[in-house]
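Content type mmCIF, C-alpha atoms, from the file data-v3.cif:
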data_protein
loop_
_atom_site.group_PDB
_atom_site.id
_atom_site.type_symbol
_atom_site.label_atom_id
_atom_site.label_comp_id
_atom_site.auth_asym_id
_atom_site.auth_seq_id
_atom_site.Cartn_x
_atom_site.Cartn_y
_atom_site.Cartn_z
ATOM 1 C CA MET A 1 -3.143 -29.309 11.960
ATOM 2 C CA MET A 2 -2.548 -26.506 9.489
ATOM 3 C CA ASN A 3 -2.455 -23.042 11.012
ATOM 4 C CA LYS A 4 -5.550 -21.234 9.807
ATOM 5 C CA TYR A 5 -3.831 -17.878 10.160
ATOM 6 C CA PHE A 6 -1.351 -16.486 7.686
ATOM 7 C CA SER A 7 -0.179 -13.151 6.354
ATOM 8 C CA VAL A 8 0.623 -11.981 2.853
ATOM 9 C CA ALA A 9 2.991 -9.064 2.219
ATOM 10 C CA ILE A 10 2.853 -7.414 -1.205
ATOM 11 C CA ASP A 11 5.419 -4.748 -2.012
ATOM 12 C CA GLY A 12 6.451 -2.842 -5.093
ATOM 13 C CA PRO A 13 6.618 0.595 -6.722
ATOM 14 C CA ALA A 14 3.666 2.815 -7.538
ATOM 15 C CA GLY A 15 1.445 1.537 -10.327
ATOM 16 C CA ALA A 16 2.614 -2.082 -10.179
ATOM 17 C CA GLY A 17 -0.873 -3.293 -9.285
ATOM 18 C CA LYS A 18 -0.394 -3.858 -5.563
ATOM 19 C CA SER A 19 -3.773 -2.608 -4.344
ATOM 20 C CA THR A 20 -5.893 -4.482 -6.891
ATOM 21 C CA ILE A 21 -3.973 -7.728 -6.499
ATOM 22 C CA ALA A 22 -3.990 -7.483 -2.699
ATOM 23 C CA SER A 23 -7.734 -6.839 -2.526
ATOM 24 C CA THR A 24 -8.449 -9.790 -4.826
ATOM 25 C CA ILE A 25 -6.242 -12.146 -2.812
ATOM 26 C CA ALA A 26 -8.006 -10.988 0.340
ATOM 27 C CA ARG A 27 -11.405 -11.844 -1.130
ATOM 28 C CA LYS A 28 -10.245 -15.192 -2.504
ATOM 29 C CA PHE A 29 -8.634 -16.306 0.751
ATOM 30 C CA ASN A 30 -11.151 -14.665 3.098
ATOM 31 C CA CYS A 31 -8.540 -12.278 4.523
ATOM 32 C CA LEU A 32 -8.527 -8.773 5.897
ATOM 33 C CA ASN A 33 -6.991 -6.478 3.279
ATOM 34 C CA LEU A 34 -5.083 -3.476 4.541
ATOM 35 C CA ASP A 35 -3.865 -0.918 2.005
ATOM 36 C CA THR A 36 -1.007 0.609 4.003
ATOM 37 C CA GLY A 37 -0.315 3.193 1.321
ATOM 38 C CA ALA A 38 -3.761 4.611 1.984
ATOM 39 C CA MET A 39 -2.749 5.179 5.597
ATOM 40 C CA TYR A 40 0.235 7.311 4.544
ATOM 41 C CA ARG A 41 -2.003 9.244 2.192
ATOM 42 C CA ALA A 42 -4.420 9.779 5.057
ATOM 43 C CA ALA A 43 -1.545 10.981 7.239
ATOM 44 C CA ALA A 44 -0.684 13.538 4.550
ATOM 45 C CA ILE A 45 -4.296 14.749 4.533
ATOM 46 C CA TRP A 46 -4.312 14.966 8.333
ATOM 47 C CA LEU A 47 -1.192 17.135 8.299
ATOM 48 C CA THR A 48 -2.251 19.423 5.451
ATOM 49 C CA GLU A 49 -5.645 20.015 7.065
ATOM 50 C CA ARG A 50 -3.717 21.412 10.021
ATOM 51 C CA ASP A 51 -1.591 23.634 7.764
ATOM 52 C CA VAL A 52 1.522 21.589 8.480
ATOM 53 C CA ASP A 53 4.190 21.619 5.775
ATOM 54 C CA VAL A 54 4.938 17.936 5.183
ATOM 55 C CA TYR A 55 8.479 18.907 4.213
ATOM 56 C CA ASP A 56 9.061 20.462 7.649
ATOM 57 C CA SER A 57 10.622 17.522 9.494
ATOM 58 C CA GLU A 58 10.484 19.226 12.885
ATOM 59 C CA ALA A 59 6.785 20.033 12.650
ATOM 60 C CA VAL A 60 5.885 16.613 11.281
ATOM 61 C CA GLY A 61 7.924 14.822 13.940
ATOM 62 C CA ARG A 62 6.298 16.860 16.684
ATOM 63 C CA LEU A 63 2.746 16.018 15.560
ATOM 64 C CA ALA A 64 3.176 12.448 14.278
ATOM 65 C CA GLY A 65 2.032 10.923 17.555
ATOM 66 C CA GLU A 66 -1.289 12.779 17.334
ATOM 67 C CA ILE A 67 -2.273 11.577 13.853
ATOM 68 C CA ASP A 68 -5.844 10.296 14.004
ATOM 69 C CA ILE A 69 -6.475 7.632 11.346
ATOM 70 C CA ASP A 70 -8.969 4.795 11.373
ATOM 71 C CA VAL A 71 -9.556 1.988 8.878
ATOM 72 C CA LYS A 72 -12.953 0.305 8.668
ATOM 73 C CA TYR A 73 -14.491 -2.226 6.319
ATOM 74 C CA VAL A 74 -17.895 -1.260 4.995
ATOM 75 C CA SER A 75 -19.599 -3.987 2.945
ATOM 76 C CA GLY A 76 -16.174 -5.581 2.468
ATOM 77 C CA VAL A 77 -14.576 -2.364 1.184
ATOM 78 C CA GLN A 78 -11.816 -0.538 3.048
ATOM 79 C CA ARG A 79 -12.743 2.991 4.062
ATOM 80 C CA VAL A 80 -10.179 5.346 5.578
ATOM 81 C CA TYR A 81 -11.082 8.040 8.089
ATOM 82 C CA VAL A 82 -9.142 11.089 9.245
ATOM 83 C CA SER A 83 -10.409 12.468 12.548
ATOM 84 C CA GLY A 84 -13.687 10.661 11.909
ATOM 85 C CA ARG A 85 -14.125 11.976 8.332
ATOM 86 C CA ASP A 86 -14.212 9.505 5.435
ATOM 87 C CA VAL A 87 -11.398 10.557 3.074
ATOM 88 C CA THR A 88 -11.296 7.407 0.947
ATOM 89 C CA ASP A 89 -12.269 9.186 -2.254
ATOM 90 C CA GLU A 90 -9.585 11.848 -1.755
ATOM 91 C CA LEU A 91 -6.604 9.526 -1.435
ATOM 92 C CA ARG A 92 -5.581 8.899 -5.050
ATOM 93 C CA SER A 93 -4.836 12.353 -6.423
ATOM 94 C CA ASP A 94 -1.341 13.078 -7.711
ATOM 95 C CA GLU A 95 -0.910 15.799 -5.084
ATOM 96 C CA ILE A 96 -1.716 13.474 -2.200
ATOM 97 C CA SER A 97 0.529 10.789 -3.723
ATOM 98 C CA MET A 98 3.523 13.107 -3.638
ATOM 99 C CA LEU A 99 2.729 14.367 -0.139
ATOM 100 C CA ALA A 100 2.356 10.779 1.076
ATOM 101 C CA SER A 101 5.774 9.922 -0.343
ATOM 102 C CA ALA A 102 7.240 12.841 1.612
ATOM 103 C CA CYS A 103 5.455 11.773 4.802
ATOM 104 C CA SER A 104 6.685 8.203 4.478
ATOM 105 C CA LYS A 105 10.289 9.370 4.894
ATOM 106 C CA TYR A 106 9.774 10.327 8.522
ATOM 107 C CA PRO A 107 10.552 7.612 11.099
ATOM 108 C CA GLU A 108 8.043 9.148 13.534
ATOM 109 C CA ILE A 109 5.176 8.664 11.090
ATOM 110 C CA ARG A 110 6.316 5.233 9.951
ATOM 111 C CA SER A 111 6.684 4.016 13.545
ATOM 112 C CA ARG A 112 3.171 5.148 14.440
ATOM 113 C CA LEU A 113 1.546 3.616 11.377
ATOM 114 C CA VAL A 114 3.581 0.394 11.532
ATOM 115 C CA ASP A 115 2.415 -0.155 15.115
ATOM 116 C CA MET A 116 -1.166 0.213 13.904
ATOM 117 C CA GLN A 117 -0.574 -2.164 10.993
ATOM 118 C CA ARG A 118 1.050 -4.870 13.107
ATOM 119 C CA GLN A 119 -1.808 -4.727 15.566
ATOM 120 C CA MET A 120 -4.263 -5.317 12.737
ATOM 121 C CA ALA A 121 -2.230 -8.334 11.593
ATOM 122 C CA LYS A 122 -2.525 -10.146 14.920
ATOM 123 C CA ASP A 123 -4.478 -13.387 15.063
ATOM 124 C CA MET A 124 -6.109 -13.205 11.640
ATOM 125 C CA ARG A 125 -5.438 -13.794 7.971
ATOM 126 C CA VAL A 126 -4.286 -10.504 6.527
ATOM 127 C CA VAL A 127 -3.025 -9.151 3.209
ATOM 128 C CA MET A 128 -1.003 -5.943 3.305
ATOM 129 C CA ASP A 129 0.475 -4.020 0.416
ATOM 130 C CA GLY A 130 2.922 -1.160 0.508
ATOM 131 C CA ARG A 131 6.629 -0.408 0.148
ATOM 132 C CA ASP A 132 8.214 -2.132 3.158
ATOM 133 C CA ILE A 133 5.720 -4.741 4.313
ATOM 134 C CA GLY A 134 7.945 -7.757 3.734
ATOM 135 C CA THR A 135 11.104 -6.051 4.981
ATOM 136 C CA LYS A 136 9.870 -4.061 7.979
ATOM 137 C CA VAL A 137 6.166 -4.301 8.822
ATOM 138 C CA LEU A 138 5.657 -8.072 8.564
ATOM 139 C CA PRO A 139 9.159 -9.577 8.261
ATOM 140 C CA ASP A 140 7.754 -12.985 9.248
ATOM 141 C CA ALA A 141 4.893 -12.942 6.723
ATOM 142 C CA SER A 142 3.852 -16.350 5.417
ATOM 143 C CA VAL A 143 4.054 -15.104 1.830
ATOM 144 C CA LYS A 144 5.996 -12.196 0.375
ATOM 145 C CA ILE A 145 5.398 -11.017 -3.183
ATOM 146 C CA TYR A 146 7.385 -8.218 -4.803
ATOM 147 C CA LEU A 147 5.618 -6.745 -7.825
ATOM 148 C CA VAL A 148 7.620 -5.042 -10.543
ATOM 149 C CA ALA A 149 6.795 -3.466 -13.899
ATOM 150 C CA SER A 150 8.507 -0.992 -16.195
ATOM 151 C CA VAL A 151 7.942 2.637 -15.268
ATOM 152 C CA GLU A 152 6.405 3.248 -18.715
ATOM 153 C CA ALA A 153 3.837 0.491 -18.211
ATOM 154 C CA ARG A 154 3.011 1.766 -14.740
ATOM 155 C CA ALA A 155 2.615 5.338 -15.959
ATOM 156 C CA LYS A 156 0.164 4.216 -18.664
ATOM 157 C CA ARG A 157 -1.893 2.325 -16.086
ATOM 158 C CA ARG A 158 -1.985 5.258 -13.696
ATOM 159 C CA LEU A 159 -2.933 7.672 -16.501
ATOM 160 C CA LYS A 160 -5.829 5.418 -17.469
ATOM 161 C CA GLN A 161 -7.040 5.347 -13.852
ATOM 162 C CA LEU A 162 -6.885 9.115 -13.537
ATOM 163 C CA LEU A 163 -8.683 9.778 -16.808
ATOM 164 C CA GLU A 164 -11.410 7.283 -15.912
ATOM 165 C CA LYS A 165 -11.988 9.264 -12.722
ATOM 166 C CA GLY A 166 -12.250 12.489 -14.704
ATOM 167 C CA ILE A 167 -8.914 13.809 -13.409
ATOM 168 C CA ASP A 168 -7.020 15.918 -15.940
ATOM 169 C CA ALA A 169 -3.580 14.366 -16.566
ATOM 170 C CA THR A 170 -1.015 13.751 -19.278
ATOM 171 C CA TYR A 171 1.265 10.784 -19.837
ATOM 172 C CA GLU A 172 4.359 12.985 -19.635
ATOM 173 C CA ARG A 173 3.344 14.434 -16.272
ATOM 174 C CA VAL A 174 2.352 11.077 -14.817
ATOM 175 C CA LEU A 175 5.597 9.491 -16.025
ATOM 176 C CA ALA A 176 7.711 12.289 -14.539
ATOM 177 C CA ASP A 177 5.861 12.068 -11.210
ATOM 178 C CA MET A 178 6.281 8.293 -11.133
ATOM 179 C CA ILE A 179 10.012 8.482 -11.846
ATOM 180 C CA LYS A 180 10.385 10.961 -8.983
ATOM 181 C CA ARG A 181 8.241 8.793 -6.701
ATOM 182 C CA ASP A 182 10.378 5.746 -7.502
ATOM 183 C CA HIS A 183 13.537 7.672 -6.685
ATOM 184 C CA ASP A 184 12.147 9.061 -3.440
ATOM 185 C CA ASP A 185 10.794 5.700 -2.288
ATOM 186 C CA SER A 186 13.949 3.728 -3.077
ATOM 187 C CA THR A 187 16.470 6.235 -1.681
ATOM 188 C CA ARG A 188 14.802 7.376 1.531
ATOM 189 C CA GLU A 189 16.910 6.720 4.602
ATOM 190 C CA PHE A 190 14.220 5.034 6.694
ATOM 191 C CA SER A 191 12.600 1.834 5.344
ATOM 192 C CA PRO A 192 13.301 2.342 1.617
ATOM 193 C CA LEU A 193 11.450 0.412 -1.046
ATOM 194 C CA GLU A 194 13.316 -2.843 -1.592
ATOM 195 C CA LYS A 195 12.663 -6.502 -2.234
ATOM 196 C CA ALA A 196 12.821 -8.808 0.778
ATOM 197 C CA GLN A 197 15.341 -11.604 0.254
ATOM 198 C CA ASP A 198 12.655 -14.279 0.588
ATOM 199 C CA ALA A 199 10.044 -12.498 -1.561
ATOM 200 C CA VAL A 200 8.822 -13.943 -4.849
ATOM 201 C CA ALA A 201 9.313 -11.432 -7.670
ATOM 202 C CA LEU A 202 6.358 -11.052 -10.031
ATOM 203 C CA ASP A 203 6.926 -8.911 -13.130
ATOM 204 C CA THR A 204 3.581 -7.605 -14.402
ATOM 205 C CA THR A 205 4.932 -5.513 -17.296
ATOM 206 C CA SER A 206 3.656 -7.826 -20.018
ATOM 207 C CA LEU A 207 0.815 -9.401 -18.038
ATOM 208 C CA SER A 208 -2.805 -8.364 -18.039
ATOM 209 C CA LEU A 209 -4.343 -7.561 -14.680
ATOM 210 C CA GLU A 210 -6.188 -10.885 -14.738
ATOM 211 C CA GLN A 211 -2.983 -12.796 -15.454
ATOM 212 C CA SER A 212 -1.150 -10.968 -12.671
ATOM 213 C CA ILE A 213 -3.913 -11.780 -10.196
ATOM 214 C CA LEU A 214 -3.970 -15.470 -11.120
ATOM 215 C CA ARG A 215 -0.202 -15.749 -10.741
ATOM 216 C CA ALA A 216 -0.298 -14.035 -7.341
ATOM 217 C CA ILE A 217 -3.071 -16.369 -6.165
ATOM 218 C CA ASP A 218 -0.976 -19.354 -7.274
ATOM 219 C CA ILE A 219 1.999 -18.038 -5.284
ATOM 220 C CA VAL A 220 -0.080 -17.702 -2.110
ATOM 221 C CA ALA A 221 -1.507 -21.198 -2.525
ATOM 222 C CA GLU A 222 1.927 -22.698 -3.209
ATOM 223 C CA LYS A 223 3.549 -21.001 -0.213
ATOM 224 C CA THR A 224 0.806 -21.604 2.362
ATOM 225 C CA GLY A 225 -0.737 -24.869 1.202
ATOM 226 C CA MET A 226 -4.098 -23.141 1.636
ATOM 227 C CA THR A 227 -6.894 -23.129 -0.905
ATOM 228 C CA GLU A 228 -9.796 -20.756 -1.262
ATOM 229 C CA ALA A 229 -12.187 -23.471 -0.046
ATOM 230 C CA MET A 230 -10.090 -24.176 3.051
ATOM 231 C CA CYS A 231 -10.090 -20.492 3.961
ATOM 232 C CA ARG A 232 -13.894 -20.415 4.026
ATOM 233 C CA GLU A 233 -14.326 -23.335 6.385
#
structure tokens encoding of this file:
Amino acid sequence: MMNKYFSVAIDGPAGAGKSTIASTIARKFNCLNLDTGAMYRAAAIWLTERDVDVYDSEAVGRLAGEIDIDVKYVSGVQRVYVSGRDVTDELRSDEISMLASACSKYPEIRSRLVDMQRQMAKDMRVVMDGRDIGTKVLPDASVKIYLVASVEARAKRRLKQLLEKGIDATYERVLADMIKRDHDDSTREFSPLEKAQDAVALDTTSLSLEQSILRAIDIVAEKTGMTEAMCRE
């Protein structure tokens, strides 16, 4: 009998389309979708609300074990809470993105959040996206996909998202921030961004979002032998 449980790990740099692709796969295969990047962003909010400098390793390490984050699904949409307050709509600003990247360097924070993420992955179909899901969080995931795209293409996508939300931004600023984020994520000492050896690389540079999603769905189906219909039985 085919195991009805499986896990999908989606990794890649900022702006590669991880969140959108992961959420679509989750809907198609009736899975729980966990945006792990949102948890690091929430951790950054938790620290800044307590006037903690996220670049102060001693202070962050001392408080990491107290971080209060919760993830709930409301009408099928992930909502993230910090100390009981819904911060979902605050997570995608450039400032929080940079602070989250700084927070993700600390082993104390990563250990706490990884424990939470692994617990959520127990005994259910789950899709997780982030920077080290396939290498560290879910090394035994049924499917591992590593998304890539040129930094220029990713910057254009992120700029479009920001402008659509009414956030003032320029291509030059977004590109510079993304280049720095890539460097920070790939060179950090603890759990750097890297492709798992058994991950399938999917380059989305020249693909539309729809094409990227369809290819990712095909990869999941090929690797697991599961179809959308089977997942809804």
- Task: Mind checking which residues fall within 7 Å of A:Cys31, counting all atoms listed in the file, ignoring those fewer than 3 positions away in the same chain, and posting them as a list in words?
- Result: Ala26, Arg27, Arg125, Val126 and Val127 of chain A
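Within 10 Å of stretch 82-85 of chain A, once only C-alpha atoms are used and residues closer than 6 positions along the same chain are dropped, the contacting residues are Met39, Ala42, Ala43, Ala44, Ile45, Trp46, Glu49, Ile67, Asp68, Ile69, Asp70 and Val71 of chain A.
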Preceding selection exported with C-alpha atoms as an mmCIF file, keeping the file's coordinate frame:
data_model
loop_
_atom_site.group_PDB
_atom_site.id
_atom_site.type_symbol
_atom_site.label_atom_id
_atom_site.label_comp_id
_atom_site.auth_asym_id
_atom_site.auth_seq_id
_atom_site.Cartn_x
_atom_site.Cartn_y
_atom_site.Cartn_z
ATOM 1 C CA MET A 39 -2.749 5.179 5.597
ATOM 2 C CA ALA A 42 -4.420 9.779 5.057
ATOM 3 C CA ALA A 43 -1.545 10.981 7.239
ATOM 4 C CA ALA A 44 -0.684 13.538 4.550
ATOM 5 C CA ILE A 45 -4.296 14.749 4.533
ATOM 6 C CA TRP A 46 -4.312 14.966 8.333
ATOM 7 C CA GLU A 49 -5.645 20.015 7.065
ATOM 8 C CA ILE A 67 -2.273 11.577 13.853
ATOM 9 C CA ASP A 68 -5.844 10.296 14.004
ATOM 10 C CA ILE A 69 -6.475 7.632 11.346
ATOM 11 C CA ASP A 70 -8.969 4.795 11.373
ATOM 12 C CA VAL A 71 -9.556 1.988 8.878
#
- Surrounding residues of stretch 202-212 of chain A excluding itself and chain neighbours under 4 positions, 8 Å, only C-alpha atoms, as an MDAnalysis selection string: chainID A and resid 16:17 21 145:150 153:154 216
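Atom to atom, atom CA of A:Arg188 and atom CA of A:Met98 stand 13.7 Å apart.
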- Query: For this file, the PyMOL selection byres ((chain A and resi 178-180) around 12) selects which residues, as a count of residues only?
  - Reply: 34
- Query: On this structure, which residues satisfy the PyMOL selection byres ((chain A and resi 220) around 10), written as a ChimeraX atom specification?
  - Reply: /A:6-8,25,29,142-145,215-219,221-227
Got time to write the residues from that selection, C-alpha atoms, as an mmCIF file, in the coordinates of the input?
data_model
loop_
_atom_site.group_PDB
_atom_site.id
_atom_site.type_symbol
_atom_site.label_atom_id
_atom_site.label_comp_id
_atom_site.auth_asym_id
_atom_site.auth_seq_id
_atom_site.Cartn_x
_atom_site.Cartn_y
_atom_site.Cartn_z
ATOM 1 C CA PHE A 6 -1.351 -16.486 7.686
ATOM 2 C CA SER A 7 -0.179 -13.151 6.354
ATOM 3 C CA VAL A 8 0.623 -11.981 2.853
ATOM 4 C CA ILE A 25 -6.242 -12.146 -2.812
ATOM 5 C CA PHE A 29 -8.634 -16.306 0.751
ATOM 6 C CA SER A 142 3.852 -16.350 5.417
ATOM 7 C CA VAL A 143 4.054 -15.104 1.830
ATOM 8 C CA LYS A 144 5.996 -12.196 0.375
ATOM 9 C CA ILE A 145 5.398 -11.017 -3.183
ATOM 10 C CA ARG A 215 -0.202 -15.749 -10.741
ATOM 11 C CA ALA A 216 -0.298 -14.035 -7.341
ATOM 12 C CA ILE A 217 -3.071 -16.369 -6.165
ATOM 13 C CA ASP A 218 -0.976 -19.354 -7.274
ATOM 14 C CA ILE A 219 1.999 -18.038 -5.284
ATOM 15 C CA ALA A 221 -1.507 -21.198 -2.525
ATOM 16 C CA GLU A 222 1.927 -22.698 -3.209
ATOM 17 C CA LYS A 223 3.549 -21.001 -0.213
ATOM 18 C CA THR A 224 0.806 -21.604 2.362
ATOM 19 C CA GLY A 225 -0.737 -24.869 1.202
ATOM 20 C CA MET A 226 -4.098 -23.141 1.636
ATOM 21 C CA THR A 227 -6.894 -23.129 -0.905
#
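Here the PyMOL selection byres ((chain A and resi 73) around 12) matches the residues Cys31, Leu32, Asn33, Leu34, Asp35, Asp70, Val71, Lys72, Val74, Ser75, Gly76, Val77, Gln78, Arg79, Val80, Tyr81, Asp86 and Thr88 of chain A.
When atom CA of A:Ser111 is paired with atom CA of A:Thr24, their separation reads 27.5 Å.
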- Item | Between atom CA of A:Arg110 and atom CA of A:Lys165, distance in Å (one decimal) | 29.4 Å
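Proximity of A:Gln161, A:Ser57, A:Ser19, A:Thr48 to A:Ser104, computed with all atoms listed in the file, is greatest for A:Ser57.
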- Which neighbours of A:Val114 fall inside 10 Å, counting only C-alpha atoms, when residues of the same chain fewer than 2 positions from it are skipped, and could you give them as JSON, numbers by chain? {"A": [36, 39, 109, 110, 111, 112, 116, 117, 118, 119, 120, 132, 133, 136, 137, 138]}
Kindly write stretch 10-21 of chain A with N, CA and C atoms to a file, as a tab-separated table (two decimals), in the first residue's frame.
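Produced file out_19.tsv, reproduced below:
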chain	number	residue	atom	x	y	z
A	10	ILE	N	11.04	22.69	-0.39
A	10	ILE	CA	11.34	23.62	-1.48
A	10	ILE	C	12.29	24.69	-0.96
A	11	ASP	N	13.47	24.74	-1.54
A	11	ASP	CA	14.48	25.71	-1.12
A	11	ASP	C	14.86	26.60	-2.29
A	12	GLY	N	15.55	27.69	-1.95
A	12	GLY	CA	16.02	28.60	-2.98
A	12	GLY	C	16.19	30.00	-2.45
A	13	PRO	N	16.80	30.87	-3.20
A	13	PRO	CA	17.04	32.26	-2.76
A	13	PRO	C	15.76	33.08	-2.77
A	14	ALA	N	15.85	34.26	-2.20
A	14	ALA	CA	14.71	35.18	-2.15
A	14	ALA	C	14.23	35.52	-3.56
A	15	GLY	N	12.91	35.54	-3.73
A	15	GLY	CA	12.34	35.94	-5.00
A	15	GLY	C	12.30	34.87	-6.07
A	16	ALA	N	12.64	33.63	-5.71
A	16	ALA	CA	12.63	32.56	-6.72
A	16	ALA	C	11.25	31.97	-6.92
A	17	GLY	N	10.30	32.35	-6.07
A	17	GLY	CA	8.93	31.86	-6.22
A	17	GLY	C	8.57	30.75	-5.24
A	18	LYS	N	9.35	30.57	-4.21
A	18	LYS	CA	9.15	29.46	-3.28
A	18	LYS	C	7.75	29.47	-2.65
A	19	SER	N	7.37	30.60	-2.08
A	19	SER	CA	6.12	30.66	-1.32
A	19	SER	C	4.90	30.36	-2.19
A	20	THR	N	4.85	30.98	-3.37
A	20	THR	CA	3.70	30.78	-4.26
A	20	THR	C	3.63	29.35	-4.75
A	21	ILE	N	4.77	28.80	-5.16
A	21	ILE	CA	4.80	27.43	-5.65
A	21	ILE	C	4.45	26.45	-4.54
